[in-house]
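**Q** Here you go, work-v3.cif (mmCIF, C-alpha atoms):
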data_coords
#
loop_
_atom_site.label_atom_id
_atom_site.label_comp_id
_atom_site.auth_asym_id
_atom_site.auth_seq_id
_atom_site.Cartn_x
_atom_site.Cartn_y
_atom_site.Cartn_z
CA MET A 1 0.00 0.00 0.00
CA VAL A 2 2.81 2.41 0.83
CA PHE A 3 4.49 1.60 -2.51
CA SER A 4 1.22 2.28 -4.37
CA LYS A 5 0.80 5.57 -2.56
CA TYR A 6 4.22 6.76 -3.75
CA ILE A 7 3.42 5.71 -7.32
CA VAL A 8 0.25 7.83 -7.21
CA ILE A 9 2.22 10.83 -5.89
CA ILE A 10 4.91 10.47 -8.59
CA LEU A 11 2.31 10.11 -11.35
CA SER A 12 0.50 13.18 -10.03
CA LEU A 13 3.71 15.20 -10.13
CA ILE A 14 4.45 14.02 -13.67
CA ALA A 15 0.93 14.94 -14.74
CA SER A 16 1.30 18.36 -13.13
CA GLY A 17 4.57 18.89 -14.98
CA VAL A 18 2.91 18.01 -18.26
CA TRP A 19 0.12 20.51 -17.66
CA ILE A 20 2.58 23.21 -16.63
CA SER A 21 4.48 22.64 -19.87
CA VAL A 22 1.28 22.89 -21.90
CA PHE A 23 0.27 26.19 -20.30
CA GLN A 24 3.80 27.59 -20.73
CA THR A 25 4.11 26.71 -24.42
CA PRO A 26 5.34 29.84 -26.24
CA ASN A 27 2.63 31.72 -28.10
CA SER A 28 3.04 31.69 -31.90
CA ALA A 29 1.71 35.26 -32.05
CA LEU A 30 3.86 38.31 -31.48
CA GLN A 31 3.15 39.67 -28.00
CA ILE A 32 3.83 43.22 -26.86
CA ILE A 33 3.36 43.56 -23.12
CA ALA A 34 3.54 46.96 -21.45
CA CYS A 35 4.33 45.83 -17.92
CA ASP A 36 2.56 47.45 -15.00
CA VAL A 37 5.64 48.64 -13.10
CA GLY A 38 4.15 51.78 -11.58
CA GLN A 39 5.56 55.16 -12.62
CA GLY A 40 8.08 53.87 -15.12
CA ASP A 41 8.49 52.00 -18.39
CA SER A 42 9.07 48.36 -19.20
CA ILE A 43 7.91 46.61 -22.34
CA LEU A 44 8.35 42.90 -23.04
CA ILE A 45 8.16 41.82 -26.67
CA GLN A 46 8.17 38.13 -27.40
CA HIS A 47 7.68 35.79 -30.29
CA LYS A 48 7.93 32.07 -29.60
CA ASN A 49 11.19 31.63 -27.60
CA ASP A 50 12.64 35.07 -28.38
CA GLN A 51 12.31 38.08 -26.07
CA ILE A 52 13.12 41.76 -26.31
CA LEU A 53 12.89 43.84 -23.14
CA ILE A 54 12.72 47.61 -23.55
CA ASP A 55 13.51 49.23 -20.18
CA GLY A 56 12.98 47.71 -16.76
CA GLY A 57 10.92 50.15 -14.74
CA PRO A 58 12.11 51.63 -11.42
CA SER A 59 12.31 48.45 -9.31
CA LYS A 60 12.27 44.67 -9.21
CA ASP A 61 8.52 44.70 -10.01
CA VAL A 62 9.57 43.97 -13.60
CA LEU A 63 10.51 40.45 -12.49
CA ASP A 64 6.87 39.79 -11.60
CA CYS A 65 5.82 40.82 -15.09
CA LEU A 66 8.45 38.61 -16.74
CA GLY A 67 7.36 35.74 -14.52
CA ARG A 68 3.73 36.21 -15.60
CA HIS A 69 4.45 36.23 -19.31
CA MET A 70 7.69 34.38 -20.09
CA PRO A 71 7.87 30.56 -20.05
CA TYR A 72 9.01 29.48 -16.59
CA TRP A 73 11.93 27.54 -18.05
CA ASP A 74 13.24 30.41 -20.21
CA HIS A 75 15.99 32.34 -18.41
CA GLU A 76 17.45 34.07 -21.45
CA ILE A 77 16.47 37.43 -22.95
CA GLU A 78 17.84 37.84 -26.44
CA LEU A 79 17.85 41.64 -26.45
CA ILE A 80 17.56 44.31 -23.76
CA ILE A 81 17.18 47.95 -24.76
CA LEU A 82 17.67 50.70 -22.20
CA THR A 83 16.16 53.75 -23.83
CA HIS A 84 17.98 56.20 -21.54
CA PRO A 85 19.58 56.15 -18.08
CA GLU A 86 16.79 57.45 -15.85
CA LYS A 87 15.97 55.29 -12.83
CA ASP A 88 12.31 54.75 -13.77
CA HIS A 89 13.66 52.99 -16.87
CA TYR A 90 16.87 51.29 -15.68
CA GLY A 91 16.25 50.46 -12.00
CA GLY A 92 14.64 47.09 -12.64
CA LEU A 93 17.25 46.09 -15.23
CA ILE A 94 19.81 45.66 -12.46
CA GLU A 95 17.56 42.94 -11.01
CA VAL A 96 16.83 41.47 -14.46
CA LEU A 97 20.55 40.98 -15.11
CA LYS A 98 20.83 39.03 -11.85
CA THR A 99 18.04 36.66 -12.89
CA TYR A 100 18.22 36.37 -16.67
CA GLN A 101 21.02 35.97 -19.17
CA ALA A 102 21.05 38.76 -21.74
CA GLN A 103 22.55 38.13 -25.16
CA THR A 104 22.70 41.75 -26.36
CA PHE A 105 22.28 45.06 -24.52
CA LEU A 106 21.49 48.28 -26.43
CA THR A 107 22.11 51.48 -24.49
CA ASN A 108 23.49 54.99 -24.64
CA ASP A 109 27.19 55.17 -23.84
CA LEU A 110 26.89 55.07 -20.05
CA SER A 111 30.48 56.24 -19.61
CA ASN A 112 29.31 59.71 -20.71
CA LEU A 113 29.65 62.03 -17.73
CA LYS A 114 26.20 63.41 -18.48
CA PHE A 115 24.68 60.11 -17.34
CA SER A 116 26.87 59.72 -14.26
CA SER A 117 25.14 58.73 -11.01
CA GLU A 118 25.52 56.09 -8.34
CA GLY A 119 22.65 54.08 -9.84
CA VAL A 120 24.10 54.24 -13.35
CA SER A 121 27.45 53.10 -11.94
CA VAL A 122 25.74 50.03 -10.44
CA LEU A 123 24.03 49.37 -13.76
CA ARG A 124 27.33 49.60 -15.66
CA LYS A 125 28.86 47.04 -13.32
CA SER A 126 25.85 44.76 -13.79
CA ILE A 127 26.15 44.96 -17.57
CA GLY A 128 29.92 44.45 -17.38
CA GLY A 129 29.42 41.40 -15.18
CA SER A 130 27.06 39.83 -17.68
CA SER A 131 28.04 38.12 -20.92
CA ALA A 132 25.92 40.49 -22.99
CA ARG A 133 27.27 42.11 -26.14
CA VAL A 134 26.89 45.89 -25.69
CA ILE A 135 25.86 48.15 -28.59
CA HIS A 136 25.51 51.94 -28.60
CA PRO A 137 23.03 52.42 -31.46
CA THR A 138 22.34 55.51 -33.53
CA THR A 139 19.89 56.36 -36.29
CA GLY A 140 20.22 53.77 -39.04
CA THR A 141 21.25 50.87 -36.79
CA LYS A 142 19.29 47.78 -37.85
CA MET A 143 18.77 44.48 -36.07
CA ARG A 144 16.78 41.32 -36.67
CA LEU A 145 15.47 38.71 -34.25
CA GLY A 146 13.66 35.94 -36.10
CA LEU A 147 10.76 37.61 -37.91
CA ILE A 148 11.15 40.82 -35.92
CA TYR A 149 13.02 43.70 -37.57
CA LEU A 150 14.24 46.70 -35.57
CA ASP A 151 15.28 50.09 -36.94
CA ILE A 152 16.78 52.74 -34.65
CA VAL A 153 15.14 56.07 -35.40
CA HIS A 154 16.92 58.21 -32.75
CA PRO A 155 19.42 59.42 -31.49
CA THR A 156 21.47 60.57 -34.45
CA GLU A 157 25.24 60.21 -34.29
CA GLY A 158 26.76 63.07 -32.32
CA PHE A 159 23.40 64.12 -30.85
CA ARG A 160 23.71 66.60 -27.97
CA ASP A 161 21.09 67.95 -25.59
CA VAL A 162 20.94 69.15 -22.00
CA ASN A 163 17.90 66.94 -21.37
CA THR A 164 18.62 63.27 -20.70
CA ASN A 165 15.13 62.29 -21.87
CA ASN A 166 15.97 63.41 -25.38
CA TYR A 167 18.75 60.82 -25.62
CA SER A 168 16.07 58.12 -25.57
CA ILE A 169 16.64 55.33 -28.08
CA VAL A 170 13.58 55.31 -30.34
CA THR A 171 12.92 51.99 -32.07
CA LEU A 172 10.66 51.04 -34.96
CA LEU A 173 9.62 47.38 -34.86
CA THR A 174 8.33 45.64 -37.98
CA TYR A 175 6.74 42.18 -37.94
CA ASN A 176 5.28 41.25 -41.33
CA ASP A 177 2.83 44.13 -41.99
CA PHE A 178 2.65 45.22 -38.35
CA LYS A 179 4.63 48.27 -37.21
CA ALA A 180 5.21 49.63 -33.70
CA ILE A 181 7.28 52.54 -32.43
CA PHE A 182 8.78 52.71 -28.94
CA THR A 183 9.72 56.22 -27.88
CA GLY A 184 11.28 56.17 -24.41
CA ASP A 185 10.89 59.62 -22.85
CA ILE A 186 11.58 61.86 -25.87
CA GLU A 187 10.17 65.35 -25.55
CA ASN A 188 8.52 67.71 -28.05
CA MET A 189 11.66 68.82 -29.89
CA VAL A 190 12.81 65.29 -30.72
CA SER A 191 9.24 64.17 -31.38
CA ASP A 192 8.91 66.95 -33.99
CA THR A 193 12.29 66.10 -35.54
CA ILE A 194 11.31 62.45 -35.96
CA ALA A 195 8.00 63.52 -37.51
CA ASP A 196 9.78 65.81 -39.99
CA ASN A 197 11.96 62.89 -41.16
CA TRP A 198 9.34 60.14 -40.90
CA GLU A 199 9.08 58.00 -44.04
CA MET A 200 7.65 54.77 -42.64
CA GLY A 201 3.95 55.60 -42.98
CA THR A 202 1.29 54.76 -40.42
CA VAL A 203 1.94 52.48 -37.45
CA ASP A 204 -0.25 50.04 -35.59
CA TYR A 205 1.17 50.73 -32.12
CA ILE A 206 2.92 53.62 -30.41
CA LYS A 207 4.31 53.77 -26.89
CA ILE A 208 3.49 57.32 -25.81
CA PRO A 209 6.67 58.95 -24.46
CA HIS A 210 7.26 60.21 -20.94
CA HIS A 211 4.15 58.61 -19.41
CA GLY A 212 1.79 61.00 -21.20
CA SER A 213 3.53 64.18 -20.13
CA LYS A 214 2.53 67.34 -22.03
CA ASN A 215 6.25 67.72 -22.84
CA GLY A 216 6.35 64.34 -24.56
CA ILE A 217 4.49 63.36 -27.71
CA SER A 218 3.98 66.09 -30.30
CA GLU A 219 0.92 66.41 -32.48
CA SER A 220 3.13 66.27 -35.57
CA LEU A 221 4.41 62.78 -34.70
CA LEU A 222 0.87 61.55 -34.14
CA GLN A 223 -0.13 63.02 -37.50
CA ALA A 224 2.82 61.35 -39.20
CA THR A 225 2.20 57.91 -37.68
CA MET A 226 -1.60 57.81 -37.18
CA PRO A 227 -1.31 54.93 -34.67
CA LYS A 228 -4.18 52.46 -34.31
CA THR A 229 -3.25 51.85 -30.66
CA ALA A 230 -1.52 54.22 -28.23
CA VAL A 231 -0.15 52.75 -25.01
CA ILE A 232 0.76 54.79 -21.94
CA SER A 233 2.91 53.29 -19.18
CA VAL A 234 2.11 55.26 -16.06
CA GLY A 235 1.70 54.84 -12.32
CA GLU A 236 -1.74 55.04 -10.74
CA LYS A 237 -2.36 58.37 -8.95
CA ASN A 238 1.22 59.49 -9.65
CA SER A 239 2.39 62.84 -8.27
CA TYR A 240 3.07 64.28 -11.76
CA GLY A 241 -0.52 64.17 -12.94
CA HIS A 242 0.43 61.91 -15.86
CA PRO A 243 -1.07 61.44 -18.34
CA HIS A 244 -1.96 65.08 -18.91
CA LYS A 245 -5.44 65.81 -20.23
CA GLU A 246 -4.20 67.89 -23.16
CA VAL A 247 -2.08 64.94 -24.32
CA LEU A 248 -5.01 62.52 -24.07
CA ASP A 249 -7.12 64.94 -26.11
CA ILE A 250 -4.49 65.11 -28.87
CA ILE A 251 -3.99 61.35 -28.92
CA ASN A 252 -7.75 60.85 -29.27
CA LEU A 253 -7.66 62.91 -32.48
CA TYR A 254 -5.22 60.55 -34.20
CA SER A 255 -5.38 57.15 -32.49
CA GLY A 256 -8.04 54.46 -32.54
CA GLU A 257 -7.64 53.58 -28.84
CA ILE A 258 -5.65 54.45 -25.74
CA LEU A 259 -4.52 51.70 -23.36
CA ARG A 260 -2.98 52.52 -19.95
CA THR A 261 -1.16 50.45 -17.36
CA ASP A 262 -2.66 52.49 -14.50
CA LYS A 263 -6.13 51.46 -15.68
CA GLN A 264 -5.59 47.96 -17.07
CA GLY A 265 -2.44 46.60 -15.43
CA ASP A 266 -0.21 44.76 -17.91
CA VAL A 267 -1.32 45.86 -21.38
CA VAL A 268 -1.02 42.86 -23.71
CA VAL A 269 -1.31 43.28 -27.48
CA GLU A 270 -1.10 40.15 -29.63
CA VAL A 271 -0.36 40.14 -33.36
CA ASP A 272 -1.03 36.94 -35.29
CA LEU A 273 -0.10 37.49 -38.94
#
How does this structure look as structure tokens?
**A**
Amino acid sequence: MVFSKYIVIILSLIASGVWISVFQTPNSALQIIACDVGQGDSILIQHKNDQILIDGGPSKDVLDCLGRHMPYWDHEIELIILTHPEKDHYGGLIEVLKTYQAQTFLTNDLSNLKFSSEGVSVLRKSIGGSSARVIHPTTGTKMRLGLIYLDIVHPTEGFRDVNTNNYSIVTLLTYNDFKAIFTGDIENMVSDTIADNWEMGTVDYIKIPHHGSKNGISESLLQATMPKTAVISVGEKNSYGHPHKEVLDIINLYSGEILRTDKQGDVVVEVDL
């Protein structure tokens, strides 16, 4: 009887493992997940076994989001992009690099004195201690991950500005006929410059910069891209009043829908083409 009892337990565990594997099978659709990390940015993009993580939010809360959406057995992230070295974008990446292996890390040159801070110093050490290949991209840099194509739209080589937000790496993602643009925290000046040079036509998805601040997205960029879906990563009842009403009003003129992490939690968009 004791022997039979252990057989039942073992079979139950095996069955549980099978069901876990079934539920964790990678989705064949492209998934874009704006993680609910409070007042910060973190976007997980995945297709089958490949992941791209754009920013990591301010804290280790990003690990909860990755745990919810990545297969439990997958501890590798093919590409991490830090749009710019502000803590609400890089803080969680320090924790991510402790937990996951990163193949490639795209970032501004963090040795630039402009970005110097104790937190950035810790991040640099974390990146240096990983096995990730580090790339400092500029406009025209192109990458491919499976069926996902990435084009760096900003910053241009030699770009200079007093505002760290304007150094944000802006990325255009193309997956078959689907296009998405991820904007970091760029402000009006850069937003207008991108619009003036925009040749890629309309997009399906835009990550609204700077959490919906009135200093972020410009009307000209919305006109140039005419996004079907606009996503705002923002903390509930944040002290900045983000997203600002005037920004929401402008977005409503040019976008089919607005999705927000403070209202919906993790915002998951699936593309099956």
**Q** With distances taken over only C-alpha atoms, which residue among A:Asn112, A:Pro85, A:Asp50, A:Ser239 lies nearest A:Asn166?
**A**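 Under the stated criterion, the closest residue is A:Pro85.
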**Q** Using all atoms listed in the file, pick whichever of A:Glu78, A:Glu95, A:Asp262, A:Asp177 has the shortest atom-to-atom distance to A:Val203.
**A**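 Checking each of A:Glu78, A:Glu95, A:Asp262, A:Asp177 against A:Val203, counting all atoms listed in the file, the winner is A:Asp177.
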**Q** Out of A:Asn163, A:Ser42, A:Thr183, A:Asn238, which residue has the shortest atom-to-atom distance to A:Phe115 when counting all atoms listed in the file?
**A**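 With all atoms listed in the file as the atom set, the closest residue is A:Asn163.
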**Q** Return as JSON lines the residues of stretch 144-204 of chain A lying at most 8 Å from stretch 215-219 of chain A, together with the closest atom-to-atom pair for each and the distance in Å to one decimal, counting only C-alpha atoms, with rows in chain order and ascending residue number.
**A**
{"residue": "A:Asp185", "atom": "CA", "partner": "A:Gly216", "partner_atom": "CA", "distance": 6.8}
{"residue": "A:Ile186", "atom": "CA", "partner": "A:Gly216", "partner_atom": "CA", "distance": 5.9}
{"residue": "A:Glu187", "atom": "CA", "partner": "A:Gly216", "partner_atom": "CA", "distance": 4.1}
{"residue": "A:Asn188", "atom": "CA", "partner": "A:Gly216", "partner_atom": "CA", "distance": 5.3}
{"residue": "A:Ser191", "atom": "CA", "partner": "A:Ser218", "partner_atom": "CA", "distance": 5.7}
{"residue": "A:Asp192", "atom": "CA", "partner": "A:Ser218", "partner_atom": "CA", "distance": 6.2}
**Q** When the PyMOL selection byres ((chain A and resi 106-108) around 7) is applied to the file above, which residues end up in the set, as a short mmCIF file (atom, residue, chain, number, x, y, z; two decimals) with C-alpha atoms, keeping the file's coordinate frame?
**A**
data_model
loop_
_atom_site.label_atom_id
_atom_site.label_comp_id
_atom_site.auth_asym_id
_atom_site.auth_seq_id
_atom_site.Cartn_x
_atom_site.Cartn_y
_atom_site.Cartn_z
CA ILE A 80 17.56 44.31 -23.76
CA ILE A 81 17.18 47.95 -24.76
CA LEU A 82 17.67 50.70 -22.20
CA THR A 83 16.16 53.75 -23.83
CA HIS A 84 17.98 56.20 -21.54
CA THR A 104 22.70 41.75 -26.36
CA PHE A 105 22.28 45.06 -24.52
CA ASP A 109 27.19 55.17 -23.84
CA LEU A 110 26.89 55.07 -20.05
CA VAL A 134 26.89 45.89 -25.69
CA ILE A 135 25.86 48.15 -28.59
CA HIS A 136 25.51 51.94 -28.60
CA PRO A 137 23.03 52.42 -31.46
#
**Q** To test your reading of the syntax: which residues would the PyMOL selection byres ((chain A and resi 212) around 10) return for the file shown? Reply as a list in words.
**A**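 For this structure, the PyMOL selection byres ((chain A and resi 212) around 10) captures Asp185, Lys207, Ile208, Pro209, His210, His211, Ser213, Lys214, Asn215, Gly216, Ile217, Val231, Ile232, Ser233, Val234, Gly241, His242, Pro243, His244, Lys245, Glu246, Val247, Leu248, Ile251 and Arg260 of chain A.
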**Q** Write out, as a PDB file, in the coordinates of the input, the residues just selected, with C-alpha atoms.
**A**
ATOM      1  CA  ASP A 185      10.890  59.620 -22.850  1.00  0.00           C
ATOM      2  CA  LYS A 207       4.310  53.770 -26.890  1.00  0.00           C
ATOM      3  CA  ILE A 208       3.490  57.320 -25.810  1.00  0.00           C
ATOM      4  CA  PRO A 209       6.670  58.950 -24.460  1.00  0.00           C
ATOM      5  CA  HIS A 210       7.260  60.210 -20.940  1.00  0.00           C
ATOM      6  CA  HIS A 211       4.150  58.610 -19.410  1.00  0.00           C
ATOM      7  CA  SER A 213       3.530  64.180 -20.130  1.00  0.00           C
ATOM      8  CA  LYS A 214       2.530  67.340 -22.030  1.00  0.00           C
ATOM      9  CA  ASN A 215       6.250  67.720 -22.840  1.00  0.00           C
ATOM     10  CA  GLY A 216       6.350  64.340 -24.560  1.00  0.00           C
ATOM     11  CA  ILE A 217       4.490  63.360 -27.710  1.00  0.00           C
ATOM     12  CA  VAL A 231      -0.150  52.750 -25.010  1.00  0.00           C
ATOM     13  CA  ILE A 232       0.760  54.790 -21.940  1.00  0.00           C
ATOM     14  CA  SER A 233       2.910  53.290 -19.180  1.00  0.00           C
ATOM     15  CA  VAL A 234       2.110  55.260 -16.060  1.00  0.00           C
ATOM     16  CA  GLY A 241      -0.520  64.170 -12.940  1.00  0.00           C
ATOM     17  CA  HIS A 242       0.430  61.910 -15.860  1.00  0.00           C
ATOM     18  CA  PRO A 243      -1.070  61.440 -18.340  1.00  0.00           C
ATOM     19  CA  HIS A 244      -1.960  65.080 -18.910  1.00  0.00           C
ATOM     20  CA  LYS A 245      -5.440  65.810 -20.230  1.00  0.00           C
ATOM     21  CA  GLU A 246      -4.200  67.890 -23.160  1.00  0.00           C
ATOM     22  CA  VAL A 247      -2.080  64.940 -24.320  1.00  0.00           C
ATOM     23  CA  LEU A 248      -5.010  62.520 -24.070  1.00  0.00           C
ATOM     24  CA  ILE A 251      -3.990  61.350 -28.920  1.00  0.00           C
ATOM     25  CA  ARG A 260      -2.980  52.520 -19.950  1.00  0.00           C
TER      26      ARG A 260
END
**Q** A:Leu79, A:Leu147, A:Leu97, A:Ala102: which is nearest A:Ile54, counting only C-alpha atoms?
**A**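 For A:Ile54, the nearest of the given residues is A:Leu79.
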**Q** For the structure provided, state which residues fall under the PyMOL selection byres ((chain A and resi 196) around 12), and present them as a list in words.
**A**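 Listing what the PyMOL selection byres ((chain A and resi 196) around 12) selects in the shown file: Met189, Val190, Ser191, Asp192, Thr193, Ile194, Ala195, Asn197, Trp198, Glu199, Met200, Ser218, Glu219, Ser220, Leu221, Leu222, Gln223, Ala224 and Thr225 of chain A.
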**Q** Identify the residues within 9 Å of coordinate (5.4, 44.2, -18.1) (same frame as the file), considering only C-alpha atoms, and give the answer as an NGL selection string.
**A** :A and (32-37 or 41-44 or 56-57 or 61-66 or 68-69 or 265-268)
**Q** Which is closer to A:Arg160 than all the others in A:Gly201, A:Ile45, A:Val122, A:Lys114, using only C-alpha atoms?
**A** A:Lys114
**Q** Tell me, in Å to one decimal, how far atom CA of A:Val120 is from atom CA of A:Asp151.
**A**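 For atom CA of A:Val120 relative to atom CA of A:Asp151, the distance reads 25.5 Å.
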**Q** Tell me, as number ranges by chain, which residues lie within 6 Å of A:Lys228, counting all atoms listed in the file; anything in the same chain fewer than 6 positions away does not count.
**A** A: 204, 255-256
**Q** What does the distance between atom CA of A:Thr202 and atom CA of A:Thr164 come to in Å, to one decimal place?
**A** 27.6 Å
**Q** Which residues come within 8 Å of A:Val271, counting all atoms listed in the file, excluding same-chain residues fewer than 4 positions away, as number ranges by chain?
**A** A: 29-31, 178
**Q** Could you give me, as a PyMOL selection string, the residues within 7 Å of A:Phe182, counting all atoms listed in the file and dropping anything in the same chain fewer than 3 positions from it?
**A** chain A and resi 170-172+206-207
**Q** At what distance in Å, to one decimal, does atom CA of A:His89 lie from atom CA of A:Gly184?
**A** 8.5 Å
**Q** Once N, CA and C atoms are restored for stretch 183-205 of chain A, what would the output be as a PDB file, keeping the file's coordinate frame?
**A**
ATOM      1  N   THR A 183       9.191  54.858 -27.886  1.00  0.00           N
ATOM      2  CA  THR A 183       9.720  56.220 -27.880  1.00  0.00           C
ATOM      3  C   THR A 183      10.457  56.647 -26.623  1.00  0.00           C
ATOM      4  N   GLY A 184      10.598  55.767 -25.638  1.00  0.00           N
ATOM      5  CA  GLY A 184      11.280  56.170 -24.410  1.00  0.00           C
ATOM      6  C   GLY A 184      10.606  57.388 -23.788  1.00  0.00           C
ATOM      7  N   ASP A 185      11.405  58.401 -23.470  1.00  0.00           N
ATOM      8  CA  ASP A 185      10.890  59.620 -22.850  1.00  0.00           C
ATOM      9  C   ASP A 185      11.184  60.855 -23.710  1.00  0.00           C
ATOM     10  N   ILE A 186      11.271  60.703 -25.035  1.00  0.00           N
ATOM     11  CA  ILE A 186      11.580  61.860 -25.870  1.00  0.00           C
ATOM     12  C   ILE A 186      10.571  62.977 -25.609  1.00  0.00           C
ATOM     13  N   GLU A 187      11.038  64.200 -25.759  1.00  0.00           N
ATOM     14  CA  GLU A 187      10.170  65.350 -25.550  1.00  0.00           C
ATOM     15  C   GLU A 187       9.863  66.018 -26.896  1.00  0.00           C
ATOM     16  N   ASN A 188       9.111  67.114 -26.845  1.00  0.00           N
ATOM     17  CA  ASN A 188       8.520  67.710 -28.050  1.00  0.00           C
ATOM     18  C   ASN A 188       9.511  67.945 -29.178  1.00  0.00           C
ATOM     19  N   MET A 189      10.686  68.472 -28.852  1.00  0.00           N
ATOM     20  CA  MET A 189      11.660  68.820 -29.890  1.00  0.00           C
ATOM     21  C   MET A 189      12.052  67.598 -30.708  1.00  0.00           C
ATOM     22  N   VAL A 190      12.408  66.514 -30.022  1.00  0.00           N
ATOM     23  CA  VAL A 190      12.810  65.290 -30.720  1.00  0.00           C
ATOM     24  C   VAL A 190      11.611  64.660 -31.428  1.00  0.00           C
ATOM     25  N   SER A 191      10.467  64.695 -30.773  1.00  0.00           N
ATOM     26  CA  SER A 191       9.240  64.170 -31.380  1.00  0.00           C
ATOM     27  C   SER A 191       8.962  64.858 -32.711  1.00  0.00           C
ATOM     28  N   ASP A 192       9.119  66.186 -32.750  1.00  0.00           N
ATOM     29  CA  ASP A 192       8.910  66.950 -33.990  1.00  0.00           C
ATOM     30  C   ASP A 192       9.961  66.600 -35.034  1.00  0.00           C
ATOM     31  N   THR A 193      11.212  66.439 -34.601  1.00  0.00           N
ATOM     32  CA  THR A 193      12.290  66.100 -35.540  1.00  0.00           C
ATOM     33  C   THR A 193      12.047  64.753 -36.194  1.00  0.00           C
ATOM     34  N   ILE A 194      11.620  63.776 -35.397  1.00  0.00           N
ATOM     35  CA  ILE A 194      11.310  62.450 -35.960  1.00  0.00           C
ATOM     36  C   ILE A 194      10.172  62.562 -36.955  1.00  0.00           C
ATOM     37  N   ALA A 195       9.147  63.335 -36.606  1.00  0.00           N
ATOM     38  CA  ALA A 195       8.000  63.520 -37.510  1.00  0.00           C
ATOM     39  C   ALA A 195       8.430  64.127 -38.840  1.00  0.00           C
ATOM     40  N   ASP A 196       9.324  65.122 -38.781  1.00  0.00           N
ATOM     41  CA  ASP A 196       9.780  65.810 -39.990  1.00  0.00           C
ATOM     42  C   ASP A 196      10.525  64.860 -40.924  1.00  0.00           C
ATOM     43  N   ASN A 197      11.156  63.822 -40.358  1.00  0.00           N
ATOM     44  CA  ASN A 197      11.960  62.890 -41.160  1.00  0.00           C
ATOM     45  C   ASN A 197      11.285  61.520 -41.319  1.00  0.00           C
ATOM     46  N   TRP A 198      10.029  61.440 -40.914  1.00  0.00           N
ATOM     47  CA  TRP A 198       9.340  60.140 -40.900  1.00  0.00           C
ATOM     48  C   TRP A 198       8.963  59.715 -42.315  1.00  0.00           C
ATOM     49  N   GLU A 199       9.379  58.511 -42.702  1.00  0.00           N
ATOM     50  CA  GLU A 199       9.080  58.000 -44.040  1.00  0.00           C
ATOM     51  C   GLU A 199       8.437  56.621 -43.999  1.00  0.00           C
ATOM     52  N   MET A 200       8.112  56.144 -42.803  1.00  0.00           N
ATOM     53  CA  MET A 200       7.650  54.770 -42.640  1.00  0.00           C
ATOM     54  C   MET A 200       6.140  54.610 -42.690  1.00  0.00           C
ATOM     55  N   GLY A 201       5.403  55.695 -42.889  1.00  0.00           N
ATOM     56  CA  GLY A 201       3.950  55.600 -42.980  1.00  0.00           C
ATOM     57  C   GLY A 201       3.289  55.393 -41.624  1.00  0.00           C
ATOM     58  N   THR A 202       2.048  54.932 -41.657  1.00  0.00           N
ATOM     59  CA  THR A 202       1.290  54.760 -40.420  1.00  0.00           C
ATOM     60  C   THR A 202       1.796  53.566 -39.626  1.00  0.00           C
ATOM     61  N   VAL A 203       1.536  53.587 -38.313  1.00  0.00           N
ATOM     62  CA  VAL A 203       1.940  52.480 -37.450  1.00  0.00           C
ATOM     63  C   VAL A 203       0.704  51.910 -36.756  1.00  0.00           C
ATOM     64  N   ASP A 204       0.847  50.692 -36.292  1.00  0.00           N
ATOM     65  CA  ASP A 204      -0.250  50.040 -35.590  1.00  0.00           C
ATOM     66  C   ASP A 204      -0.210  50.319 -34.085  1.00  0.00           C
ATOM     67  N   TYR A 205       0.977  50.653 -33.576  1.00  0.00           N
ATOM     68  CA  TYR A 205       1.170  50.730 -32.120  1.00  0.00           C
ATOM     69  C   TYR A 205       2.213  51.815 -31.838  1.00  0.00           C
TER      70      TYR A 205
END
